[in-house]
Amino acid sequence: MKNFFNFFNKKPKIGIAFGGGGARGFSHIGVIKALNEFGLDFDYVAGTSVGSIIGAAYASGMTWKEIYDVAKKLKTKDIKTNKIFFMPSKTDGIETLMKETLGDINIEELKKPFSAVAVDIKSTKEVCISHGNLAKAVAGSCCVPGIFQPVEFGDRLLCDGGLQNTIPANIPRYFDCDYVIAVDCNSTRTYGTDSSKMIDVLGCSIRILMKSNAVKGYMCSDVMIASDNKRFKSTKLDGLDEMVEEGYKNAIDMMSQIMLVFQGKFPKKKLKDIDKDEIDFI
């Protein structure tokens, strides 16, 4: 009889997805601070680009303060190692950061199940990496075209997962999560222009494409923690404390809904099946 009641009162399986956004991802640390304070623990973690760095650290069991202390010591030269302007860097800096922080380990050795999202420019398919070398997988997920050289991962050539899935809220659902909390550190990625100059029109067009890319994350998440980090540059490491506070505040604002999710009382989304054939799971 006890097992019968446990079946109907089982704890929901909950995933968290950290989105991309370059240095604006520092606000993810503030979100984790709020989650730590409320004692909330997730069953699955996914991340794209900078979200894969923060997500891997979270999946390893690091607290928000431990992640913050690492971020505070970061310098641009630690990430982009090539000093020649307009010359893409190798991702050695990202790989070194991951190895020094979490060890030269495989994803399977993390405390929580974790996936890094990248894109294979050979096949053009989205790649969900749940096995293999952690540092290499995260480097591939963070490999912004033109900023970094593509990363070899087996027979794949990886670039930034944000090319196809900048907020990977769909990924935890493939691993049987009942709910997904997503974190968008670049919610103001799109804004228009009054100018008809080519450079301004192209810039606006790129921002529109970025917005359409993020829509899937909003559709597939149950609760979205969205931060307005427009005043910070995605390529600069300035503003760490302000971004951490922004993420913390946004998470606290959504905490009543997040708590309902953990209690299994939040209404579940009825999502249409997402075609797995469009994703390469490794």
# chains A, B, ... in the order shown; residues from 1 in each chain; ligands from 1
>>> residues_around(residues="Ala71 (chain A)", least_positions_apart="3", cutoff="9 Å", atoms="only C-alpha atoms", output="PyMOL selection string")
chain A and resi 26+66-68+74-75+237+240
>>> write_last_selection(atoms="C-alpha atoms", output="short mmCIF file (atom, residue, chain, number, x, y, z; two decimals), in the first residue's frame")
data_model
loop_
_atom_site.label_atom_id
_atom_site.label_comp_id
_atom_site.auth_asym_id
_atom_site.auth_seq_id
_atom_site.Cartn_x
_atom_site.Cartn_y
_atom_site.Cartn_z
CA PHE A 26 27.82 35.92 -15.15
CA GLU A 66 32.86 28.89 -5.54
CA ILE A 67 31.85 29.67 -9.13
CA TYR A 68 31.92 33.41 -8.35
CA LEU A 74 39.15 35.58 -14.95
CA LYS A 75 40.80 37.82 -17.51
CA LEU A 237 34.31 40.74 -18.30
CA LEU A 240 30.55 40.78 -12.62
#
>>> closest_residue(among="A:Thr101, A:Asn229, A:Ser49, A:Asn36", to="Ser141 (chain A)", atoms="only C-alpha atoms")
A:Ser49
>>> closest_residue(among="A:Ile79, A:Phe38, A:Leu163, A:Val138", to="Asn106 (chain A)", atoms="only C-alpha atoms")
A:Val138
>>> select_by_dssp(residues="region 53-141 of chain A", states="alpha helix (DSSP H)", output="PyMOL selection string")
chain A and resi 53-59+64-73+76-79+92-102+134-141
>>> residues_around(residues="Ala46 (chain A)", least_positions_apart="5", cutoff="12 Å", atoms="only C-alpha atoms", output="PyMOL selection string")
chain A and resi 14-20+51-59+107+112-118+128-130+138+141+161+165-175+177+180-183+217
>>> atom_distance(atom1="CA of Ile258 (chain A)", atom2="CA of Asn213 (chain A)")
24.2 Å
>>> residues_around(residues="Gly22 (chain A)", least_positions_apart="3", cutoff="8 Å", atoms="only C-alpha atoms", output="PyMOL selection string")
chain A and resi 25+49-50+234-235
>>> closest_residue(among="A:Leu40, A:Asp178, A:Ser123, A:Glu95", to="Lys269 (chain A)", atoms="only C-alpha atoms")
A:Asp178
>>> select_by_dssp(residues="region 54-245 of chain A", states="strand (DSSP E or B)", output="MDAnalysis selection string")
chainID A and resid 89 106 114:120 126:129 133 145 148 151:153 156:160 179:184 223:226
>>> closest_residue(among="A:Asp228, A:Asp43, A:Glu245, A:Asp78", to="Ile29 (chain A)", atoms="only C-alpha atoms")
A:Glu245
>>> residues_around(residues="Gly247 (chain A)", least_positions_apart="6", cutoff="6 Å", atoms="only C-alpha atoms", output="list in words")
Ser27, His28, Gly30 and Val31 of chain A
>>> atom_distance(atom1="CA of Ile252 (chain A)", atom2="CA of Ala34 (chain A)")
6.4 Å
>>> closest_residue(among="A:Tyr179, A:Val119, A:Gly103, A:Arg24", to="Gly264 (chain A)", atoms="only C-alpha atoms")
A:Tyr179
>>> atom_distance(atom1="CA of Ile199 (chain A)", atom2="CA of Lys236 (chain A)")
21.8 Å
